[in-house]
$ cat my_file-v4.cif   # mmCIF, C-alpha atoms; chains and numbers go by the auth columns
data_upload
loop_
_atom_site.group_PDB
_atom_site.id
_atom_site.type_symbol
_atom_site.label_atom_id
_atom_site.label_comp_id
_atom_site.label_asym_id
_atom_site.label_seq_id
_atom_site.Cartn_x
_atom_site.Cartn_y
_atom_site.Cartn_z
_atom_site.B_iso_or_equiv
_atom_site.auth_seq_id
_atom_site.auth_asym_id
ATOM 1 C CA MET A 1 13.980 111.740 15.086 0.00 1199 A
ATOM 2 C CA LYS A 2 11.431 109.995 12.869 0.00 1200 A
ATOM 3 C CA THR A 3 12.044 106.423 11.752 0.00 1201 A
ATOM 4 C CA GLU A 4 12.123 107.296 8.053 0.00 1202 A
ATOM 5 C CA LYS A 5 14.717 110.027 8.590 0.00 1203 A
ATOM 6 C CA MET A 6 16.955 107.735 10.644 0.00 1204 A
ATOM 7 C CA LEU A 7 16.831 105.053 7.965 0.00 1205 A
ATOM 8 C CA GLU A 8 17.622 107.620 5.281 0.00 1206 A
ATOM 9 C CA ILE A 9 20.684 108.798 7.198 0.00 1207 A
ATOM 10 C CA ILE A 10 21.880 105.248 7.871 0.00 1208 A
ATOM 11 C CA GLY A 11 21.344 104.285 4.237 0.00 1209 A
ATOM 12 C CA ASN A 12 23.421 107.252 3.104 0.00 1210 A
ATOM 13 C CA LEU A 13 26.200 106.369 5.546 0.00 1211 A
ATOM 14 C CA ALA A 14 26.204 102.789 4.280 0.00 1212 A
ATOM 15 C CA GLU A 15 26.427 104.006 0.687 0.00 1213 A
ATOM 16 C CA GLN A 16 29.495 106.052 1.629 0.00 1214 A
ATOM 17 C CA GLY A 17 31.078 102.967 3.202 0.00 1215 A
ATOM 18 C CA MET A 18 30.777 101.800 6.787 0.00 1216 A
ATOM 19 C CA ASN A 19 34.146 103.002 8.036 0.00 1217 A
ATOM 20 C CA ALA A 20 34.801 103.710 11.708 0.00 1218 A
ATOM 21 C CA GLU A 21 33.510 107.280 11.559 0.00 1219 A
ATOM 22 C CA ASN A 22 30.224 106.309 9.924 0.00 1220 A
ATOM 23 C CA THR A 23 29.774 103.312 12.217 0.00 1221 A
ATOM 24 C CA LEU A 24 30.074 105.548 15.270 0.00 1222 A
ATOM 25 C CA LYS A 25 27.488 107.879 13.739 0.00 1223 A
ATOM 26 C CA VAL A 26 25.090 104.939 13.485 0.00 1224 A
ATOM 27 C CA PHE A 27 25.921 104.007 17.091 0.00 1225 A
ATOM 28 C CA SER A 28 24.881 107.500 18.131 0.00 1226 A
ATOM 29 C CA LEU A 29 21.591 107.263 16.212 0.00 1227 A
ATOM 30 C CA LEU A 30 20.878 103.957 17.951 0.00 1228 A
ATOM 31 C CA GLY A 31 21.594 105.525 21.338 0.00 1229 A
ATOM 32 C CA ILE A 32 24.881 103.661 21.830 0.00 1230 A
ATOM 33 C CA ASN A 33 27.334 106.134 23.302 0.00 1231 A
ATOM 34 C CA GLY A 34 30.757 106.130 24.903 0.00 1232 A
ATOM 35 C CA PHE A 35 32.644 104.503 22.026 0.00 1233 A
ATOM 36 C CA ASP A 36 35.430 106.031 19.964 0.00 1234 A
ATOM 37 C CA GLU A 37 37.378 104.729 16.964 0.00 1235 A
ATOM 38 C CA GLU A 38 39.949 103.020 19.167 0.00 1236 A
ATOM 39 C CA ASN A 39 37.230 101.161 21.092 0.00 1237 A
ATOM 40 C CA LEU A 40 35.583 100.132 17.822 0.00 1238 A
ATOM 41 C CA SER A 41 38.843 98.817 16.367 0.00 1239 A
ATOM 42 C CA GLU A 42 39.312 96.603 19.433 0.00 1240 A
ATOM 43 C CA ILE A 43 35.976 94.810 19.032 0.00 1241 A
ATOM 44 C CA ARG A 44 36.430 91.188 17.998 0.00 1242 A
ATOM 45 C CA LEU A 45 33.445 89.143 16.915 0.00 1243 A
ATOM 46 C CA TRP A 46 33.110 85.412 17.535 0.00 1244 A
ATOM 47 C CA SER A 47 33.976 84.798 13.884 0.00 1245 A
ATOM 48 C CA ASP A 48 37.273 86.671 14.372 0.00 1246 A
ATOM 49 C CA CYS A 49 38.284 84.033 16.915 0.00 1247 A
ATOM 50 C CA LEU A 50 37.497 80.932 14.848 0.00 1248 A
ATOM 51 C CA PRO A 51 40.149 78.886 12.975 0.00 1249 A
ATOM 52 C CA LEU A 52 38.682 79.888 9.596 0.00 1250 A
ATOM 53 C CA SER A 53 39.159 83.601 10.300 0.00 1251 A
ATOM 54 C CA ASP A 54 42.648 83.554 8.777 0.00 1252 A
ATOM 55 C CA GLU A 55 41.288 82.157 5.512 0.00 1253 A
ATOM 56 C CA ILE A 56 38.200 84.369 5.168 0.00 1254 A
ATOM 57 C CA PRO A 57 38.864 87.422 7.323 0.00 1255 A
ATOM 58 C CA TYR A 58 36.381 90.256 7.473 0.00 1256 A
ATOM 59 C CA THR A 59 37.359 93.550 5.969 0.00 1257 A
ATOM 60 C CA GLU A 60 37.050 96.516 8.314 0.00 1258 A
ATOM 61 C CA GLU A 61 33.762 97.483 6.656 0.00 1259 A
ATOM 62 C CA GLN A 62 32.347 93.944 6.861 0.00 1260 A
ATOM 63 C CA ARG A 63 33.226 93.747 10.548 0.00 1261 A
ATOM 64 C CA ASN A 64 31.569 97.099 11.224 0.00 1262 A
ATOM 65 C CA LEU A 65 28.437 95.993 9.369 0.00 1263 A
ATOM 66 C CA HIS A 66 28.312 92.761 11.352 0.00 1264 A
ATOM 67 C CA ILE A 67 28.741 94.694 14.611 0.00 1265 A
ATOM 68 C CA LEU A 68 25.794 96.904 13.652 0.00 1266 A
ATOM 69 C CA TRP A 69 23.663 93.832 12.849 0.00 1267 A
ATOM 70 C CA GLU A 70 24.354 92.534 16.353 0.00 1268 A
ATOM 71 C CA CYS A 71 23.887 95.927 18.019 0.00 1269 A
ATOM 72 C CA VAL A 72 20.353 96.584 16.784 0.00 1270 A
ATOM 73 C CA ASP A 73 19.035 93.582 18.732 0.00 1271 A
ATOM 74 C CA ARG A 74 20.466 95.050 21.926 0.00 1272 A
ATOM 75 C CA VAL A 75 18.739 98.423 21.814 0.00 1273 A
ATOM 76 C CA ILE A 76 15.093 99.477 21.826 0.00 1274 A
ATOM 77 C CA TRP A 77 15.170 100.143 18.072 0.00 1275 A
ATOM 78 C CA GLY A 78 15.525 96.397 17.546 0.00 1276 A
ATOM 79 C CA ILE A 79 11.901 95.756 18.539 0.00 1277 A
ATOM 80 C CA HIS A 80 10.544 98.631 16.429 0.00 1278 A
ATOM 81 C CA VAL A 81 9.746 96.614 13.320 0.00 1279 A
ATOM 82 C CA PRO A 82 9.396 99.538 10.839 0.00 1280 A
ATOM 83 C CA PHE A 83 12.967 100.477 11.718 0.00 1281 A
ATOM 84 C CA ALA A 84 14.616 97.135 12.461 0.00 1282 A
ATOM 85 C CA VAL A 85 13.630 95.232 9.307 0.00 1283 A
ATOM 86 C CA PRO A 86 14.769 97.945 6.855 0.00 1284 A
ATOM 87 C CA PHE A 87 17.902 98.441 8.988 0.00 1285 A
ATOM 88 C CA ARG A 88 18.798 94.763 8.578 0.00 1286 A
ATOM 89 C CA GLN A 89 18.090 95.041 4.846 0.00 1287 A
ATOM 90 C CA ILE A 90 20.601 97.895 4.628 0.00 1288 A
ATOM 91 C CA ILE A 91 23.229 95.853 6.455 0.00 1289 A
ATOM 92 C CA ALA A 92 22.593 92.625 4.508 0.00 1290 A
ATOM 93 C CA LYS A 93 22.814 94.354 1.123 0.00 1291 A
ATOM 94 C CA ARG A 94 26.398 95.335 1.935 0.00 1292 A
ATOM 95 C CA LEU A 95 27.573 92.512 4.159 0.00 1293 A
ATOM 96 C CA PHE A 96 26.216 89.381 2.491 0.00 1294 A
ATOM 97 C CA LYS A 97 27.792 87.910 -0.626 0.00 1295 A
ATOM 98 C CA LYS A 98 24.418 88.531 -2.252 0.00 1296 A
ATOM 99 C CA CYS A 99 21.133 89.941 -0.982 0.00 1297 A
ATOM 100 C CA GLY A 100 18.070 90.428 -3.156 0.00 1298 A
ATOM 101 C CA ASP A 101 15.219 92.847 -2.539 0.00 1299 A
ATOM 102 C CA GLY A 102 12.497 92.146 -0.024 0.00 1300 A
ATOM 103 C CA PHE A 103 14.710 90.462 2.584 0.00 1301 A
ATOM 104 C CA VAL A 104 13.028 90.244 6.007 0.00 1302 A
ATOM 105 C CA ALA A 105 14.891 89.222 9.160 0.00 1303 A
ATOM 106 C CA HIS A 106 13.240 89.211 12.578 0.00 1304 A
ATOM 107 C CA GLU A 107 15.166 89.875 15.797 0.00 1305 A
ATOM 108 C CA GLY A 108 17.698 87.420 17.146 0.00 1306 A
ATOM 109 C CA CYS A 109 18.868 85.989 13.819 0.00 1307 A
ATOM 110 C CA ARG A 110 22.584 85.276 14.055 0.00 1308 A
ATOM 111 C CA PHE A 111 25.338 84.147 11.696 0.00 1309 A
ATOM 112 C CA ASN A 112 29.125 83.956 11.783 0.00 1310 A
ATOM 113 C CA TYR A 113 30.428 84.838 8.290 0.00 1311 A
ATOM 114 C CA GLY A 114 28.054 87.206 6.533 0.00 1312 A
ATOM 115 C CA GLN A 115 30.195 87.317 3.417 0.00 1313 A
ATOM 116 C CA ASN A 116 29.418 83.611 2.885 0.00 1314 A
ATOM 117 C CA ILE A 117 25.635 84.081 2.762 0.00 1315 A
ATOM 118 C CA GLU A 118 23.639 84.459 -0.453 0.00 1316 A
ATOM 119 C CA VAL A 119 20.011 85.544 -0.255 0.00 1317 A
ATOM 120 C CA GLY A 120 17.603 85.744 -3.183 0.00 1318 A
ATOM 121 C CA GLU A 121 14.484 87.885 -3.565 0.00 1319 A
ATOM 122 C CA ASN A 122 11.884 88.017 -0.782 0.00 1320 A
ATOM 123 C CA VAL A 123 13.690 85.645 1.552 0.00 1321 A
ATOM 124 C CA SER A 124 12.537 85.726 5.182 0.00 1322 A
ATOM 125 C CA TRP A 125 14.123 84.639 8.457 0.00 1323 A
ATOM 126 C CA ASN A 126 12.029 84.456 11.586 0.00 1324 A
ATOM 127 C CA GLN A 127 13.051 84.990 15.181 0.00 1325 A
ATOM 128 C CA GLY A 128 16.103 83.360 16.730 0.00 1326 A
ATOM 129 C CA SER A 129 17.451 81.433 13.746 0.00 1327 A
ATOM 130 C CA PHE A 130 21.163 80.625 13.579 0.00 1328 A
ATOM 131 C CA PHE A 131 23.154 80.213 10.378 0.00 1329 A
ATOM 132 C CA ASP A 132 26.662 78.774 10.573 0.00 1330 A
ATOM 133 C CA SER A 133 27.818 80.102 7.235 0.00 1331 A
ATOM 134 C CA LYS A 134 31.476 79.061 7.359 0.00 1332 A
ATOM 135 C CA GLY A 135 31.019 76.685 4.442 0.00 1333 A
ATOM 136 C CA GLY A 136 28.530 78.913 2.611 0.00 1334 A
ATOM 137 C CA ILE A 137 24.727 79.107 2.651 0.00 1335 A
ATOM 138 C CA SER A 138 22.415 80.148 -0.167 0.00 1336 A
ATOM 139 C CA PHE A 139 18.686 80.875 0.067 0.00 1337 A
ATOM 140 C CA GLY A 140 16.609 80.810 -3.119 0.00 1338 A
ATOM 141 C CA ASP A 141 13.874 83.319 -3.892 0.00 1339 A
ATOM 142 C CA PHE A 142 10.916 83.245 -1.473 0.00 1340 A
ATOM 143 C CA SER A 143 12.535 80.659 0.793 0.00 1341 A
ATOM 144 C CA MET A 144 11.659 80.885 4.479 0.00 1342 A
ATOM 145 C CA ALA A 145 13.318 79.946 7.766 0.00 1343 A
ATOM 146 C CA THR A 146 10.838 80.092 10.627 0.00 1344 A
ATOM 147 C CA GLU A 147 11.585 80.460 14.349 0.00 1345 A
ATOM 148 C CA TYR A 148 14.802 78.992 15.773 0.00 1346 A
ATOM 149 C CA CYS A 149 15.951 77.171 12.657 0.00 1347 A
ATOM 150 C CA LYS A 150 19.597 76.126 12.598 0.00 1348 A
ATOM 151 C CA ILE A 151 21.835 75.525 9.599 0.00 1349 A
ATOM 152 C CA PHE A 152 25.350 74.119 9.965 0.00 1350 A
ATOM 153 C CA THR A 153 28.038 74.021 7.287 0.00 1351 A
ATOM 154 C CA HIS A 154 30.931 72.561 9.249 0.00 1352 A
ATOM 155 C CA SER A 155 31.748 69.533 11.371 0.00 1353 A
ATOM 156 C CA HIS A 156 34.640 68.467 13.613 0.00 1354 A
ATOM 157 C CA SER A 157 37.107 65.616 13.724 0.00 1355 A
ATOM 158 C CA GLU A 158 36.269 63.313 16.618 0.00 1356 A
ATOM 159 C CA SER A 159 39.959 63.043 17.534 0.00 1357 A
ATOM 160 C CA ASP A 160 40.839 66.750 17.252 0.00 1358 A
ATOM 161 C CA HIS A 161 38.153 69.384 17.707 0.00 1359 A
ATOM 162 C CA ILE A 162 40.138 72.071 15.868 0.00 1360 A
ATOM 163 C CA ILE A 163 40.265 69.948 12.686 0.00 1361 A
ATOM 164 C CA ARG A 164 37.120 70.886 10.779 0.00 1362 A
ATOM 165 C CA SER A 165 35.501 70.159 7.437 0.00 1363 A
ATOM 166 C CA TYR A 166 33.170 72.470 5.544 0.00 1364 A
ATOM 167 C CA ALA A 167 30.314 71.876 3.109 0.00 1365 A
ATOM 168 C CA PRO A 168 27.787 74.390 1.729 0.00 1366 A
ATOM 169 C CA VAL A 169 24.040 74.252 2.308 0.00 1367 A
ATOM 170 C CA LYS A 170 21.525 75.261 -0.350 0.00 1368 A
ATOM 171 C CA ILE A 171 17.920 76.163 0.409 0.00 1369 A
ATOM 172 C CA GLY A 172 15.886 76.129 -2.786 0.00 1370 A
ATOM 173 C CA PRO A 173 13.335 78.687 -3.994 0.00 1371 A
ATOM 174 C CA HIS A 174 10.009 78.541 -2.123 0.00 1372 A
ATOM 175 C CA ALA A 175 11.433 76.026 0.374 0.00 1373 A
ATOM 176 C CA LYS A 176 10.212 76.339 3.946 0.00 1374 A
ATOM 177 C CA LEU A 177 12.095 75.411 7.107 0.00 1375 A
ATOM 178 C CA TYR A 178 9.733 75.076 10.040 0.00 1376 A
ATOM 179 C CA THR A 179 10.389 75.893 13.690 0.00 1377 A
ATOM 180 C CA ASN A 180 13.469 74.490 15.405 0.00 1378 A
ATOM 181 C CA CYS A 181 14.583 72.281 12.537 0.00 1379 A
ATOM 182 C CA THR A 182 18.267 71.601 11.922 0.00 1380 A
ATOM 183 C CA ILE A 183 20.018 71.336 8.547 0.00 1381 A
ATOM 184 C CA LEU A 184 23.407 69.595 8.567 0.00 1382 A
ATOM 185 C CA PRO A 185 26.445 70.371 6.344 0.00 1383 A
ATOM 186 C CA GLY A 186 26.320 69.710 2.616 0.00 1384 A
ATOM 187 C CA ILE A 187 22.529 69.460 2.392 0.00 1385 A
ATOM 188 C CA THR A 188 20.391 70.756 -0.462 0.00 1386 A
ATOM 189 C CA VAL A 189 16.745 71.433 0.359 0.00 1387 A
ATOM 190 C CA GLY A 190 14.979 71.376 -3.001 0.00 1388 A
ATOM 191 C CA THR A 191 12.627 73.845 -4.642 0.00 1389 A
ATOM 192 C CA GLY A 192 9.324 74.086 -2.785 0.00 1390 A
ATOM 193 C CA ALA A 193 10.382 71.509 -0.192 0.00 1391 A
ATOM 194 C CA ILE A 194 9.212 71.646 3.437 0.00 1392 A
ATOM 195 C CA VAL A 195 11.169 70.627 6.517 0.00 1393 A
ATOM 196 C CA ALA A 196 8.788 69.907 9.398 0.00 1394 A
ATOM 197 C CA THR A 197 9.127 71.307 12.913 0.00 1395 A
ATOM 198 C CA GLY A 198 11.954 69.806 14.966 0.00 1396 A
ATOM 199 C CA SER A 199 13.384 67.734 12.129 0.00 1397 A
ATOM 200 C CA VAL A 200 17.089 67.031 11.662 0.00 1398 A
ATOM 201 C CA VAL A 201 17.974 66.901 7.973 0.00 1399 A
ATOM 202 C CA THR A 202 20.887 64.569 7.172 0.00 1400 A
ATOM 203 C CA LYS A 203 20.128 63.899 3.478 0.00 1401 A
ATOM 204 C CA ASN A 204 19.140 66.056 0.522 0.00 1402 A
ATOM 205 C CA VAL A 205 15.446 66.881 0.244 0.00 1403 A
ATOM 206 C CA ASP A 206 13.784 66.465 -3.146 0.00 1404 A
ATOM 207 C CA ASP A 207 11.762 69.230 -4.771 0.00 1405 A
ATOM 208 C CA TYR A 208 8.220 69.724 -3.395 0.00 1406 A
ATOM 209 C CA THR A 209 8.753 67.050 -0.738 0.00 1407 A
ATOM 210 C CA LEU A 210 7.850 67.292 2.953 0.00 1408 A
ATOM 211 C CA VAL A 211 10.335 65.638 5.298 0.00 1409 A
ATOM 212 C CA SER A 212 9.953 65.063 9.015 0.00 1410 A
ATOM 213 C CA GLY A 213 11.660 63.355 11.923 0.00 1411 A
ATOM 214 C CA VAL A 214 15.071 62.698 13.459 0.00 1412 A
ATOM 215 C CA PRO A 215 16.636 61.950 11.094 0.00 1413 A
ATOM 216 C CA ALA A 216 14.239 63.546 8.610 0.00 1414 A
ATOM 217 C CA LYS A 217 12.568 61.201 6.121 0.00 1415 A
ATOM 218 C CA PRO A 218 10.253 61.902 3.176 0.00 1416 A
ATOM 219 C CA MET A 219 6.607 61.833 4.251 0.00 1417 A
ATOM 220 C CA ARG A 220 4.739 63.008 1.181 0.00 1418 A
ATOM 221 C CA LYS A 221 4.724 65.499 -1.652 0.00 1419 A
ATOM 222 C CA ARG A 222 3.875 69.096 -0.798 0.00 1420 A
ATOM 223 C CA ASN A 223 0.214 69.956 -1.213 0.00 1421 A
ATOM 224 C CA THR A 224 0.573 72.607 -3.900 0.00 1422 A
ATOM 225 C CA GLU A 225 -3.092 72.751 -4.966 0.00 1423 A
ATOM 226 C CA GLY A 226 -1.741 73.268 -8.466 0.00 1424 A
ATOM 227 C CA LYS A 227 0.127 76.439 -7.499 0.00 1425 A
ATOM 228 C CA THR A 228 3.684 77.383 -8.322 0.00 1426 A
ATOM 229 C CA ASP A 229 3.655 80.578 -6.237 0.00 1427 A
ATOM 230 C CA PHE A 230 3.049 79.866 -2.548 0.00 1428 A
ATOM 231 C CA ASN A 231 2.559 83.407 -1.224 0.00 1429 A
ATOM 232 C CA HIS A 232 5.684 83.177 0.915 0.00 1430 A
ATOM 233 C CA TYR A 233 5.423 86.591 2.512 0.00 1431 A
ATOM 234 C CA MET A 234 6.291 86.934 6.175 0.00 1432 A
ATOM 235 C CA LEU A 235 4.012 89.773 7.293 0.00 1433 A
ATOM 236 C CA LYS A 236 0.582 91.160 6.492 0.00 1434 A
ATOM 237 C CA ASN A 237 0.155 93.160 3.307 0.00 1435 A
ATOM 238 C CA ASN A 238 3.584 91.920 2.119 0.00 1436 A
ATOM 239 C CA MET A 239 5.263 94.463 4.401 0.00 1437 A
ATOM 240 C CA PHE A 240 8.902 95.250 3.475 0.00 1438 A
ATOM 241 C CA GLN A 241 8.744 92.787 0.562 0.00 1439 A
ATOM 242 C CA ILE A 242 8.037 93.065 -3.144 0.00 1440 A
#
$ encode --input "my_file-v4.cif" --output "structure tokens"
Amino acid sequence: MKTEKMLEIIGNLAEQGMNAENTLKVFSLLGINGFDEENLSEIRLWSDCLPLSDEIPYTEEQRNLHILWECVDRVIWGIHVPFAVPFRQIIAKRLFKKCGDGFVAHEGCRFNYGQNIEVGENVSWNQGSFFDSKGGISFGDFSMATEYCKIFTHSHSESDHIIRSYAPVKIGPHAKLYTNCTILPGITVGTGAIVATGSVVTKNVDDYTLVSGVPAKPMRKRNTEGKTDFNHYMLKNNMFQI
């Protein structure tokens, strides 16, 4: 079956609602066989096993959508970019709290509570990034997370690991998180800010400021060359974006 036809079918199934029957139909299209509705109902994601799961449980549809997000990285379709990126867009539009147009996510991007993620227009996530969204994460328009970025929105008591605190993270419009950086709970990364490779951000980052280091410190203002639009598109010819 052609890529475009598969995506059309999956989009229609998602519009109907990703119940068990429709989820198993998507499984079949992806080449995942041997599951029935009982098997599907028994699947428990990592987020189902966390202390916060009682407070913000997934609905059946949200769980099925999250399962499909995880599944596509485990089949050959996950490396076929013209299928995998639009597939993740379909899932994100219905799973995330908010998802604007032009969202691009590369393979291996993981999160725990999709319903706590807000994504603006033309946001892009590169390979292997992890978003701990328990406390809530928002990405402004044209913000970017490059390879293996990590965002955390919770921390633990030192005397009792199960006691946890939560604080949201906000990534501003046109902000850029470079490879393998880490953003800690409660942080705001300002509009147009840049977090350098390998940095650990423990304090808010001002607008149009580049921070670097462990812990990250302001180094200089972003070199904007007088621009306010930084051409934050992930792929050539603005593929999959607007």
$ residues_near_point --input "my_file-v4.cif" --point "(39.0, 97.4, 11.6)" --cutoff "10 Å" --atoms "all atoms listed in the file" --output "PyMOL selection string"
chain A and resi 1217-1218+1235-1236+1238-1242+1256-1262
$ write_last_selection --input "my_file-v4.cif" --atoms "C-alpha atoms" --output "mmCIF file, in the coordinates of the input"
data_model
loop_
_atom_site.group_PDB
_atom_site.id
_atom_site.type_symbol
_atom_site.label_atom_id
_atom_site.label_comp_id
_atom_site.auth_asym_id
_atom_site.auth_seq_id
_atom_site.Cartn_x
_atom_site.Cartn_y
_atom_site.Cartn_z
ATOM 1 C CA ASN A 1217 34.146 103.002 8.036
ATOM 2 C CA ALA A 1218 34.801 103.710 11.708
ATOM 3 C CA GLU A 1235 37.378 104.729 16.964
ATOM 4 C CA GLU A 1236 39.949 103.020 19.167
ATOM 5 C CA LEU A 1238 35.583 100.132 17.822
ATOM 6 C CA SER A 1239 38.843 98.817 16.367
ATOM 7 C CA GLU A 1240 39.312 96.603 19.433
ATOM 8 C CA ILE A 1241 35.976 94.810 19.032
ATOM 9 C CA ARG A 1242 36.430 91.188 17.998
ATOM 10 C CA TYR A 1256 36.381 90.256 7.473
ATOM 11 C CA THR A 1257 37.359 93.550 5.969
ATOM 12 C CA GLU A 1258 37.050 96.516 8.314
ATOM 13 C CA GLU A 1259 33.762 97.483 6.656
ATOM 14 C CA GLN A 1260 32.347 93.944 6.861
ATOM 15 C CA ARG A 1261 33.226 93.747 10.548
ATOM 16 C CA ASN A 1262 31.569 97.099 11.224
#
$ resolve_selection --input "my_file-v4.cif" --expression "the PyMOL selection byres ((chain A and resi 1351-1361) around 8)" --output "number ranges by chain"
A: 1249, 1330-1335, 1349-1350, 1362-1367, 1382-1384
$ write_last_selection --input "my_file-v4.cif" --atoms "C-alpha atoms" --output "short mmCIF file (atom, residue, chain, number, x, y, z; two decimals), keeping the file's coordinate frame"
data_model
loop_
_atom_site.label_atom_id
_atom_site.label_comp_id
_atom_site.auth_asym_id
_atom_site.auth_seq_id
_atom_site.Cartn_x
_atom_site.Cartn_y
_atom_site.Cartn_z
CA PRO A 1249 40.15 78.89 12.98
CA ASP A 1330 26.66 78.77 10.57
CA SER A 1331 27.82 80.10 7.24
CA LYS A 1332 31.48 79.06 7.36
CA GLY A 1333 31.02 76.68 4.44
CA GLY A 1334 28.53 78.91 2.61
CA ILE A 1335 24.73 79.11 2.65
CA ILE A 1349 21.84 75.53 9.60
CA PHE A 1350 25.35 74.12 9.96
CA ARG A 1362 37.12 70.89 10.78
CA SER A 1363 35.50 70.16 7.44
CA TYR A 1364 33.17 72.47 5.54
CA ALA A 1365 30.31 71.88 3.11
CA PRO A 1366 27.79 74.39 1.73
CA VAL A 1367 24.04 74.25 2.31
CA LEU A 1382 23.41 69.60 8.57
CA PRO A 1383 26.44 70.37 6.34
CA GLY A 1384 26.32 69.71 2.62
#
$ residues_around --input "my_file-v4.cif" --residues "region 1265-1281 of chain A" --least-positions-apart "2" --cutoff "10 Å" --atoms "all atoms listed in the file" --output "PDB file with C-alpha atoms, in the coordinates of the input"
ATOM      1  CA  LYS A1200      11.431 109.995  12.869  1.00  0.00           C
ATOM      2  CA  THR A1201      12.044 106.423  11.752  1.00  0.00           C
ATOM      3  CA  GLU A1202      12.123 107.296   8.053  1.00  0.00           C
ATOM      4  CA  MET A1204      16.955 107.735  10.644  1.00  0.00           C
ATOM      5  CA  LEU A1205      16.831 105.053   7.965  1.00  0.00           C
ATOM      6  CA  MET A1216      30.777 101.800   6.787  1.00  0.00           C
ATOM      7  CA  THR A1221      29.774 103.312  12.217  1.00  0.00           C
ATOM      8  CA  LEU A1222      30.074 105.548  15.270  1.00  0.00           C
ATOM      9  CA  VAL A1224      25.090 104.939  13.485  1.00  0.00           C
ATOM     10  CA  PHE A1225      25.921 104.007  17.091  1.00  0.00           C
ATOM     11  CA  LEU A1227      21.591 107.263  16.212  1.00  0.00           C
ATOM     12  CA  LEU A1228      20.878 103.957  17.951  1.00  0.00           C
ATOM     13  CA  GLY A1229      21.594 105.525  21.338  1.00  0.00           C
ATOM     14  CA  ILE A1230      24.881 103.661  21.830  1.00  0.00           C
ATOM     15  CA  LEU A1238      35.583 100.132  17.822  1.00  0.00           C
ATOM     16  CA  ILE A1241      35.976  94.810  19.032  1.00  0.00           C
ATOM     17  CA  ARG A1242      36.430  91.188  17.998  1.00  0.00           C
ATOM     18  CA  LEU A1243      33.445  89.143  16.915  1.00  0.00           C
ATOM     19  CA  GLU A1259      33.762  97.483   6.656  1.00  0.00           C
ATOM     20  CA  GLN A1260      32.347  93.944   6.861  1.00  0.00           C
ATOM     21  CA  ARG A1261      33.226  93.747  10.548  1.00  0.00           C
ATOM     22  CA  ASN A1262      31.569  97.099  11.224  1.00  0.00           C
ATOM     23  CA  LEU A1263      28.437  95.993   9.369  1.00  0.00           C
ATOM     24  CA  VAL A1283      13.630  95.232   9.307  1.00  0.00           C
ATOM     25  CA  PRO A1284      14.769  97.945   6.855  1.00  0.00           C
ATOM     26  CA  PHE A1285      17.902  98.441   8.988  1.00  0.00           C
ATOM     27  CA  ARG A1286      18.798  94.763   8.578  1.00  0.00           C
ATOM     28  CA  GLN A1287      18.090  95.041   4.846  1.00  0.00           C
ATOM     29  CA  ILE A1288      20.601  97.895   4.628  1.00  0.00           C
ATOM     30  CA  ILE A1289      23.229  95.853   6.455  1.00  0.00           C
ATOM     31  CA  ALA A1290      22.593  92.625   4.508  1.00  0.00           C
ATOM     32  CA  LEU A1293      27.573  92.512   4.159  1.00  0.00           C
ATOM     33  CA  ALA A1303      14.891  89.222   9.160  1.00  0.00           C
ATOM     34  CA  HIS A1304      13.240  89.211  12.578  1.00  0.00           C
ATOM     35  CA  GLU A1305      15.166  89.875  15.797  1.00  0.00           C
ATOM     36  CA  GLY A1306      17.698  87.420  17.146  1.00  0.00           C
ATOM     37  CA  CYS A1307      18.868  85.989  13.819  1.00  0.00           C
ATOM     38  CA  ARG A1308      22.584  85.276  14.055  1.00  0.00           C
ATOM     39  CA  PHE A1309      25.338  84.147  11.696  1.00  0.00           C
ATOM     40  CA  MET A1437       5.263  94.463   4.401  1.00  0.00           C
ATOM     41  CA  PHE A1438       8.902  95.250   3.475  1.00  0.00           C
TER      42      PHE A1438
END
$ resolve_selection --input "my_file-v4.cif" --expression "the PyMOL selection byres ((chain A and resi 1418-1429) around 10)" --output "PyMOL selection string"
chain A and resi 1340+1372-1373+1390-1392+1404-1410+1415-1417+1430-1432+1436
$ closest_residue --input "my_file-v4.cif" --among "A:Phe1329, A:Tyr1376, A:Tyr1311, A:Trp1323" --to "Trp1244 (chain A)" --atoms "all atoms listed in the file"
A:Tyr1311
$ atom_distance --input "my_file-v4.cif" --atom1 "CA of Lys1223 (chain A)" --atom2 "CA of Ala1282 (chain A)"
16.8 Å
$ resolve_selection --input "my_file-v4.cif" --expression "the PyMOL selection byres ((chain A and resi 1299) around 9)" --output "ChimeraX atom specification"
/A:1287,1291,1297-1298,1300-1301,1318-1321,1439-1440
$ closest_residue --input "my_file-v4.cif" --among "A:Asp1234, A:Asp1252, A:Glu1345, A:Glu1213" --to "Thr1377 (chain A)" --atoms "all atoms listed in the file"
A:Glu1345
$ atom_distance --input "my_file-v4.cif" --atom1 "CA of Gln1313 (chain A)" --atom2 "CA of Gly1326 (chain A)"
19.8 Å
$ closest_residue --input "my_file-v4.cif" --among "A:Asn1231, A:Ala1212, A:Asn1310, A:Pro1413" --to "Leu1248 (chain A)" --atoms "all atoms listed in the file"
A:Asn1310
